[in-house]
Amino acid sequence: MATITLFPLSLAHSKVRTPNMKSPHLIIFLVIFFINDSIAADPATSIIFTTLGRSRYAFDIFSLPIDTTGTEIQLTDGNSVNFNGYFASSFNGNPITNPTFVDPQSTHLVYVTERNGSSSIYLDSIYHSGVDSTRKRSVLEAELTRYQHRLVGGSGGRISMKDRPSLVGDFLVYVSTHEETGVGRTSWAAVYSTQLSTKVTRRLTPQGVADFSPAVSPSGLWTAVASSGERGWGGEVQELDTDIYVFLTQDGSRRVKVVEHGGWPSWADESTFFFHRQSDDGWWSIYMAILPKNKPFTVNSVTTQRVTPPGLHAFTPAASVTKKNIIAVATRRPGSDYRHIELYDIVSGSFKDLTRSIAPRANHYNPFISPDSSRVGYHKCRGSGSNSEVINNDMFLENIQTPKPRISLFRIDGSFPSFSPDGNQIAYVRLPGLYVVNSDGSDHREIAPDITAFSTAWNPTRKGVVYTSIGPTFASEATDVDIFAVEVDKDEPTFTKLTFGGQNNAFPSVSPDGKYIVFRSGRSGHKNLYIMNALEGEKGGLTQLTNGLWSDTMCNWSPDGDNIAFASDRHNPGSGSFALYMVHPNGTGLRQLIHSGSFGRTNHPWFSPDGKYIVFTSDYAAVSAEPISNPHHYQPYGDIFTMKLDGSELTRLTHNSYEDGTPCWGPKFMKPKDVEWPKGEEKCSFEDCTWLAISNSRDGEKIQCGG
């Protein structure tokens with residue numbers, strides 16, 4: 001219902017008649033205008049989702065001297081997540097004298113940051129005190145002045161992921177995901193060049209192709225990338241099926257494939273670069289590519305050779321442009337759950353540890369070397385010790401910028417969130433544990449901290465009743481998983497079992513009148529959908545909604561009660577490929593809503609409060625970075641999307657190289673402001689890539705990696 005206010009327009013254009021005059025047309029026009037404006041405006045709402053491990057990253061960029069005689073120094077400011085650095089030697093085309101630590105008075109660092117709810121690339125110019133500054137454990141301890149330049153991304157720009165920056169004179173070369181491909185299961189990642197003085201951006205990657213991990217040659221003439229070319233992404237979640245291409249940095253021309261099977265290139269000089277690949281013996285190893293000087297570049301004219309030996313994983317190389325025999329690499333060694341930065345001498349074949357003695361139980365990522373080869377940079381979790389400067393605590397609710405101005409978007413440090421009917425509370429799980437919190441982050445309550453619960457849903461008519469599934473996740477049809485109603489507002493929360501016999505009863509969703517629950521169950525031998533009484537459970541009546549030799553799951557009931565959305569592999573049972581479908585509660589009107597593509601995965605649908613849209617997670621935009629450059633994600637391709645029920649207005653909300661999932665759409669607009677944990681949470685509690693675990697490393701045998 002609109003609130004109507006009558007008032008005249010500007011007197012500069014006409015005299016205004018009062019309502020008792022003979023020509024009230026102007027006032028009538030104003031009334032109609034404001035009624036239509038009120039009707040047209042979408043209600044302001046909120047979406048929350050989870051990202052596996054991301055809330056605990058607390059990445060900052062650190063550096064160590066290559067000669068290992070100095071102290072580890074924290075370079076970035078402890079604000080948000082900072083990673084994938086690059087030591088700059090020029091800015092806006094002007095040389096930076098002593099760009100790293102030859103002169104301890106200054107450091108110039110280009111890096112990716114996710115502060116302020118978006119991905120940006122910053123240049124920090126740090127000027128700090130005299131010779132004793134290198135003894136400090138953080139530039140912040142000795143810092144006099146820090147100048148921060150936001151080069152691309154951030155407030156007001158196109159929302160996208162940024163990655164792997166290089167600064168070449170006045171040009172910034174980097175990955176961005178701001179251009180939609182229009183085709184499902186194709187990556188939006190492409191390499192761009194932005195002239196900083198003019199802000200003019202040029203796409204260097206051909207249309208219809210995705211590029212990852214760009215590296216610019218020392219002169220700036222060539223850029224090398226990892227790319228799948230026109231064949232695109234094949235669904236890989238560990239090593240991407242990429243080759244190495246080179247092209248002219250100026251405009252992307254003269255693009256040619258020079259290495260088959262490789263990623264993460266790093267130049268040593270104009271004709272030599274290093275890259276990584278998983279070798280035939282199972283070990284991730286570093287290889288060297290030498291480009292011909294007097295004939296065209298082709299796969300056949302480029303010489304490649306393995307550099308690092310078997311017996312350990314070595315990856316994400318960083319070449320030195322002045323010490324040609326040295327490369328910095330990340331390694332995973334047998335018996336270790338952590339990746340560390342080591343130097344490798346390609347002439348002597350020897351390794352030298354850099355980080356293991358400093359922080360043996362921390363993961364260190366993606367090394368890079370200063371132009372004078374005096375220091376190695378990398379990123380790691382800053383932790384909570386005295387050697388780290390931290391501006392903010394871990395985020396419980398992290399506000400994320402969105403292209404939808406009337407949607408407030410948040411990442412929650414938990415899984416399977418759901419809003420109470422009024423939007424004032426959020427229920428979520430933490431595997432283990434069931435929790436409830438106010439939507440502003442206050443009154444955080446442990447309902448059952450020790451149970452293994454997943455999926456949550458509130459009853460819209462019974463105050464304080466939350467439904468959840470208790471039992472193992474990702475389990476077979478016969479696994480003991482049952483649905484419970486939990487009265488969370490009681491001093492001692494009560495649990496009422498609604499399903500019986502196990503058989504993987506999960507993902508409850510309640511009808512808008514609060515009388516019924518739709519859920520998935522494996523009781524037929526396959527995961528299908530059922531409807532039961534919301535108060536008495538299956539004892540009060542049970543109806544099978546879908547029936548087939550497939551998996552129907554992750555269901556959500558529309559606000560008007562007319563539809564149930566769910567994920568299913570019914571188009572290709574047992575393939576692992578899921579699409580979204582919708583059906584009426586009486587079993588009629590089945591139709592597919594969206595399928596990202598052959599073997600694609602689209603899951604976790606949730607209706608908007610007005611029932612016109614759904615939010616979901618999907619691999620529609622494929623992967624955005626090489627998975628080995630990040631901590632572990634089971635599915636490093638999930639992003640959050642919204643879409644109208646007719647398939648129109650498909651909108652990507654999140655841009656990153658992580659696994660975003662389990663979104664929920666609530667009726668209340670949450671203030672777009674971060675909410676920190678009220679008490680200190682354990683930082684750095686995330687896993688490195690589990691598929692790098694080495695289970696068999698006997699000499700002469702192909703190793704077996706976890707997966």
# chains A, B, ... in the order shown; residues from 1 in each chain; ligands from 1

call {"tool": "residues_around", "arguments": {"residues": "region 582-587 of chain A", "least_positions_apart": "2", "cutoff": "6 Å", "atoms": "only C-alpha atoms", "output": "list of chain:residue names"}}
result
A:Leu545, A:Asp562, A:Asn563, A:Ile564, A:Ala565, A:Gly589, A:Leu590, A:Arg591

call {"tool": "residues_around", "arguments": {"residues": "region 145-153 of chain A", "least_positions_apart": "5", "cutoff": "6 Å", "atoms": "only C-alpha atoms", "output": "NGL selection string"}}
result
:A and (120-127)

call {"tool": "write_last_selection", "arguments": {"atoms": "C-alpha atoms", "output": "CSV table (one decimal), in the first residue's frame"}}
result
chain,number,residue,atom,x,y,z
A,120,SER,CA,40.7,-4.8,-5.5
A,121,ILE,CA,44.3,-4.3,-6.4
A,122,TYR,CA,46.3,-1.9,-4.2
A,123,LEU,CA,49.7,-0.4,-4.4
A,124,ASP,CA,51.2,0.3,-0.9
A,125,SER,CA,54.2,2.6,-0.7
A,126,ILE,CA,55.6,2.2,2.8
A,127,TYR,CA,58.2,4.5,4.3

call {"tool": "select_by_dssp", "arguments": {"residues": "region 493-692 of chain A", "states": "strand (DSSP E or B)", "output": "PyMOL selection string"}}
result
chain A and resi 494-497+506-510+516-521+528-533+537-544+552-557+564-568+578-583+591-594+601-607+613-618+639-644+651-652+660-666+675-676

call {"tool": "residues_around", "arguments": {"residues": "Asp480 (chain A)", "least_positions_apart": "5", "cutoff": "6 Å", "atoms": "only C-alpha atoms", "output": "PyMOL selection string"}}
result
chain A and resi 502-504

call {"tool": "write_last_selection", "arguments": {"atoms": "N, CA and C atoms", "output": "PDB file, in the first residue's frame"}}
result
ATOM      1  N   GLY A 502      16.130 -43.409  10.065  1.00  0.00           N
ATOM      2  CA  GLY A 502      17.290 -42.957   9.304  1.00  0.00           C
ATOM      3  C   GLY A 502      16.946 -42.719   7.849  1.00  0.00           C
ATOM      4  N   GLN A 503      17.622 -43.408   6.964  1.00  0.00           N
ATOM      5  CA  GLN A 503      17.354 -43.349   5.519  1.00  0.00           C
ATOM      6  C   GLN A 503      17.542 -41.953   4.940  1.00  0.00           C
ATOM      7  N   ASN A 504      18.460 -41.212   5.536  1.00  0.00           N
ATOM      8  CA  ASN A 504      18.908 -39.920   5.020  1.00  0.00           C
ATOM      9  C   ASN A 504      17.765 -38.944   4.772  1.00  0.00           C
TER      10      ASN A 504
END

call {"tool": "closest_residue", "arguments": {"among": "A:Glu236, A:Pro508, A:Val183, A:Pro472", "to": "Phe484 (chain A)", "atoms": "only C-alpha atoms"}}
result
A:Pro508

call {"tool": "closest_atom_pairs", "arguments": {"of": "region 149-177 of chain A", "to": "region 604-625 of chain A", "cutoff": "9 Å", "atoms": "only C-alpha atoms", "output": "tab-separated table"}}
result
residue	atom	partner	partner_atom	distance
A:Met161	CA	A:Ser624	CA	7.9
A:Asp163	CA	A:Ala625	CA	8.0
A:Val175	CA	A:Ser624	CA	8.9
A:Ser176	CA	A:Ser624	CA	8.7
A:Thr177	CA	A:Ser624	CA	7.5

call {"tool": "write_last_selection", "arguments": {"atoms": "N, CA and C atoms", "output": "PDB file, in the first residue's frame"}}
result
ATOM      1  N   MET A 161      36.220 -10.445  -9.476  1.00  0.00           N
ATOM      2  CA  MET A 161      37.419 -10.929  -8.817  1.00  0.00           C
ATOM      3  C   MET A 161      38.635 -10.359  -9.531  1.00  0.00           C
ATOM      4  N   ASP A 163      43.027 -10.722  -9.719  1.00  0.00           N
ATOM      5  CA  ASP A 163      44.050 -11.706  -9.359  1.00  0.00           C
ATOM      6  C   ASP A 163      45.341 -11.438 -10.115  1.00  0.00           C
ATOM      7  N   VAL A 175      44.146 -10.285 -13.750  1.00  0.00           N
ATOM      8  CA  VAL A 175      42.951 -11.060 -14.083  1.00  0.00           C
ATOM      9  C   VAL A 175      41.735 -10.355 -13.507  1.00  0.00           C
ATOM     10  N   SER A 176      40.648 -10.350 -14.263  1.00  0.00           N
ATOM     11  CA  SER A 176      39.369  -9.850 -13.772  1.00  0.00           C
ATOM     12  C   SER A 176      38.251 -10.737 -14.311  1.00  0.00           C
ATOM     13  N   THR A 177      37.129 -10.769 -13.581  1.00  0.00           N
ATOM     14  CA  THR A 177      35.973 -11.576 -13.998  1.00  0.00           C
ATOM     15  C   THR A 177      34.753 -10.701 -14.275  1.00  0.00           C
TER      16      THR A 177
END

call {"tool": "closest_residue", "arguments": {"among": "A:Asp413, A:Glu536, A:Glu477, A:Asp440", "to": "Leu52 (chain A)", "atoms": "only C-alpha atoms"}}
result
A:Asp413

call {"tool": "residues_around", "arguments": {"residues": "Arg158 (chain A)", "least_positions_apart": "5", "cutoff": "12 Å", "atoms": "only C-alpha atoms", "output": "count of residues only"}}
result
17

call {"tool": "closest_residue", "arguments": {"among": "A:Phe247, A:Trp283, A:Phe275, A:Trp233", "to": "Thr205 (chain A)", "atoms": "only C-alpha atoms"}}
result
A:Phe247

call {"tool": "residues_around", "arguments": {"residues": "Tyr245 (chain A)", "least_positions_apart": "5", "cutoff": "7 Å", "atoms": "only C-alpha atoms", "output": "list in words"}}
result
Ala224, Val225, Ala226, Ser227, Arg255, Val256, Lys257 and Val258 of chain A

call {"tool": "atom_distance", "arguments": {"atom1": "CA of Val110 (chain A)", "atom2": "CA of Asn82 (chain A)"}}
result
10.2 Å

call {"tool": "closest_residue", "arguments": {"among": "A:Ser648, A:Phe59, A:Thr456, A:Ser629", "to": "Gly263 (chain A)", "atoms": "only C-alpha atoms"}}
result
A:Ser629

call {"tool": "residues_around", "arguments": {"residues": "Thr50 (chain A)", "least_positions_apart": "4", "cutoff": "9 Å", "atoms": "only C-alpha atoms", "output": "JSON, numbers by chain"}}
result
{"A": [54, 410, 411, 412, 413, 414, 415, 416, 417, 659, 660, 661, 662, 663]}

call {"tool": "write_last_selection", "arguments": {"atoms": "N, CA, C and O atoms", "output": "short mmCIF file (atom, residue, chain, number, x, y, z; two decimals), in the first residue's frame"}}
result
data_model
loop_
_atom_site.label_atom_id
_atom_site.label_comp_id
_atom_site.auth_asym_id
_atom_site.auth_seq_id
_atom_site.Cartn_x
_atom_site.Cartn_y
_atom_site.Cartn_z
N ARG A 54 36.85 -19.45 4.36
CA ARG A 54 37.30 -18.10 4.01
C ARG A 54 37.34 -17.14 5.20
O ARG A 54 38.22 -16.27 5.29
N PHE A 410 25.77 -10.90 2.53
CA PHE A 410 26.72 -11.20 3.61
C PHE A 410 27.25 -12.63 3.49
O PHE A 410 26.52 -13.56 3.15
N ARG A 411 28.53 -12.76 3.80
CA ARG A 411 29.15 -14.07 4.03
C ARG A 411 29.12 -14.34 5.52
O ARG A 411 29.54 -13.50 6.32
N ILE A 412 28.61 -15.51 5.92
CA ILE A 412 28.53 -15.87 7.32
C ILE A 412 29.60 -16.92 7.64
O ILE A 412 29.91 -17.78 6.81
N ASP A 413 30.17 -16.82 8.82
CA ASP A 413 31.15 -17.80 9.27
C ASP A 413 30.39 -19.00 9.84
O ASP A 413 30.35 -19.22 11.05
N GLY A 414 29.77 -19.76 8.98
CA GLY A 414 28.96 -20.90 9.34
C GLY A 414 28.37 -21.47 8.07
O GLY A 414 28.67 -21.01 6.97
N SER A 415 27.50 -22.48 8.20
CA SER A 415 26.91 -23.13 7.03
C SER A 415 25.41 -23.24 7.18
O SER A 415 24.88 -23.19 8.30
N PHE A 416 24.73 -23.41 6.06
CA PHE A 416 23.28 -23.62 6.02
C PHE A 416 22.51 -22.59 6.86
O PHE A 416 21.71 -22.95 7.71
N PRO A 417 22.73 -21.31 6.62
CA PRO A 417 21.98 -20.30 7.38
C PRO A 417 20.53 -20.21 6.92
O PRO A 417 20.20 -20.54 5.77
N GLU A 659 34.71 -21.54 -2.80
CA GLU A 659 33.49 -22.32 -2.91
C GLU A 659 32.40 -21.65 -2.08
O GLU A 659 32.35 -21.77 -0.86
N ASP A 660 31.52 -20.91 -2.74
CA ASP A 660 30.39 -20.26 -2.08
C ASP A 660 29.17 -21.18 -2.17
O ASP A 660 28.92 -21.79 -3.22
N GLY A 661 28.40 -21.26 -1.08
CA GLY A 661 27.25 -22.16 -1.11
C GLY A 661 26.22 -21.84 -0.06
O GLY A 661 26.31 -20.86 0.68
N THR A 662 25.20 -22.67 0.03
CA THR A 662 24.08 -22.66 0.98
C THR A 662 23.52 -21.25 1.21
O THR A 662 23.44 -20.78 2.34
N PRO A 663 23.08 -20.57 0.14
CA PRO A 663 22.52 -19.22 0.33
C PRO A 663 21.11 -19.28 0.91
O PRO A 663 20.38 -20.26 0.75
#

call {"tool": "residues_around", "arguments": {"residues": "region 510-524 of chain A", "least_positions_apart": "3", "cutoff": "8 Å", "atoms": "only C-alpha atoms", "output": "PyMOL selection string"}}
result
chain A and resi 457-462+476-478+503-507+527-535+552-561

call {"tool": "write_last_selection", "arguments": {"atoms": "N, CA and C atoms", "output": "compact mmCIF listing (two decimals), in the first residue's frame"}}
result
# COMPACT_ATOMS: atom_id res chain seq x y z
N ALA A 457 15.79 -24.49 8.82
CA ALA A 457 14.61 -23.81 8.29
C ALA A 457 13.70 -23.46 9.46
N TRP A 458 13.12 -22.26 9.44
CA TRP A 458 12.23 -21.79 10.50
C TRP A 458 10.77 -22.07 10.12
N ASN A 459 9.96 -22.35 11.14
CA ASN A 459 8.52 -22.44 10.92
C ASN A 459 7.96 -21.02 10.86
N PRO A 460 7.23 -20.65 9.79
CA PRO A 460 6.77 -19.26 9.66
C PRO A 460 5.63 -18.89 10.60
N THR A 461 4.99 -19.86 11.25
CA THR A 461 3.85 -19.54 12.13
C THR A 461 4.09 -19.96 13.58
N ARG A 462 5.01 -20.86 13.83
CA ARG A 462 5.32 -21.27 15.21
C ARG A 462 6.61 -20.57 15.64
N SER A 476 25.13 -41.86 1.99
CA SER A 476 24.28 -42.67 1.13
C SER A 476 22.83 -42.64 1.59
N GLU A 477 21.96 -43.24 0.77
CA GLU A 477 20.53 -43.22 1.05
C GLU A 477 20.18 -43.90 2.37
N ALA A 478 20.93 -44.91 2.77
CA ALA A 478 20.58 -45.69 3.96
C ALA A 478 21.17 -45.12 5.25
N GLN A 503 17.62 -43.41 6.96
CA GLN A 503 17.35 -43.35 5.52
C GLN A 503 17.54 -41.95 4.94
N ASN A 504 18.46 -41.21 5.54
CA ASN A 504 18.91 -39.92 5.02
C ASN A 504 17.77 -38.94 4.77
N ASN A 505 17.05 -38.64 5.83
CA ASN A 505 15.99 -37.64 5.79
C ASN A 505 16.59 -36.26 6.07
N ALA A 506 16.51 -35.36 5.13
CA ALA A 506 17.26 -34.10 5.27
C ALA A 506 16.63 -32.99 4.45
N PHE A 507 17.19 -31.79 4.61
CA PHE A 507 16.80 -30.56 3.91
C PHE A 507 15.32 -30.24 4.07
N LYS A 527 17.09 -40.97 -3.40
CA LYS A 527 16.74 -39.73 -2.72
C LYS A 527 15.64 -39.02 -3.50
N ASN A 528 14.43 -39.05 -2.93
CA ASN A 528 13.27 -38.38 -3.53
C ASN A 528 12.67 -37.43 -2.50
N LEU A 529 11.67 -36.66 -2.92
CA LEU A 529 11.04 -35.67 -2.05
C LEU A 529 9.75 -36.21 -1.45
N TYR A 530 9.51 -35.83 -0.19
CA TYR A 530 8.32 -36.23 0.55
C TYR A 530 7.76 -35.01 1.28
N ILE A 531 6.49 -35.09 1.63
CA ILE A 531 5.83 -34.04 2.43
C ILE A 531 5.23 -34.70 3.67
N MET A 532 5.47 -34.08 4.83
CA MET A 532 4.93 -34.61 6.08
C MET A 532 4.34 -33.49 6.92
N ASN A 533 3.63 -33.86 7.98
CA ASN A 533 3.03 -32.92 8.92
C ASN A 533 4.14 -32.21 9.70
N ALA A 534 4.04 -30.87 9.80
CA ALA A 534 5.10 -30.10 10.45
C ALA A 534 5.10 -30.24 11.96
N LEU A 535 3.95 -30.60 12.55
CA LEU A 535 3.87 -30.73 14.00
C LEU A 535 4.14 -32.16 14.45
N ASP A 552 16.69 -36.31 -5.86
CA ASP A 552 16.05 -35.00 -5.67
C ASP A 552 16.38 -34.53 -4.27
N THR A 553 16.84 -33.30 -4.12
CA THR A 553 17.36 -32.87 -2.82
C THR A 553 17.33 -31.35 -2.71
N MET A 554 17.72 -30.84 -1.54
CA MET A 554 17.90 -29.39 -1.31
C MET A 554 16.65 -28.60 -1.72
N CYS A 555 15.50 -28.95 -1.13
CA CYS A 555 14.22 -28.38 -1.53
C CYS A 555 13.90 -27.12 -0.73
N ASN A 556 13.09 -26.25 -1.36
CA ASN A 556 12.67 -25.00 -0.71
C ASN A 556 11.27 -24.65 -1.18
N TRP A 557 10.39 -24.34 -0.21
CA TRP A 557 8.97 -24.06 -0.48
C TRP A 557 8.79 -22.58 -0.75
N SER A 558 8.05 -22.23 -1.81
CA SER A 558 7.87 -20.83 -2.18
C SER A 558 6.99 -20.11 -1.16
N PRO A 559 7.15 -18.78 -1.02
CA PRO A 559 6.37 -18.02 -0.03
C PRO A 559 4.86 -18.05 -0.27
N ASP A 560 4.43 -18.23 -1.53
CA ASP A 560 2.99 -18.30 -1.78
C ASP A 560 2.45 -19.72 -1.67
N GLY A 561 3.31 -20.68 -1.42
CA GLY A 561 2.89 -22.07 -1.24
C GLY A 561 2.65 -22.84 -2.51

call {"tool": "atom_distance", "arguments": {"atom1": "CA of Asn630 (chain A)", "atom2": "CA of Arg332 (chain A)"}}
result
13.6 Å

call {"tool": "closest_residue", "arguments": {"among": "A:Tyr435, A:Tyr634, A:Phe62, A:Phe454", "to": "Asp489 (chain A)", "atoms": "only C-alpha atoms"}}
result
A:Tyr435

call {"tool": "atom_distance", "arguments": {"atom1": "CA of Gly182 (chain A)", "atom2": "CA of Gly597 (chain A)"}}
result
11.9 Å
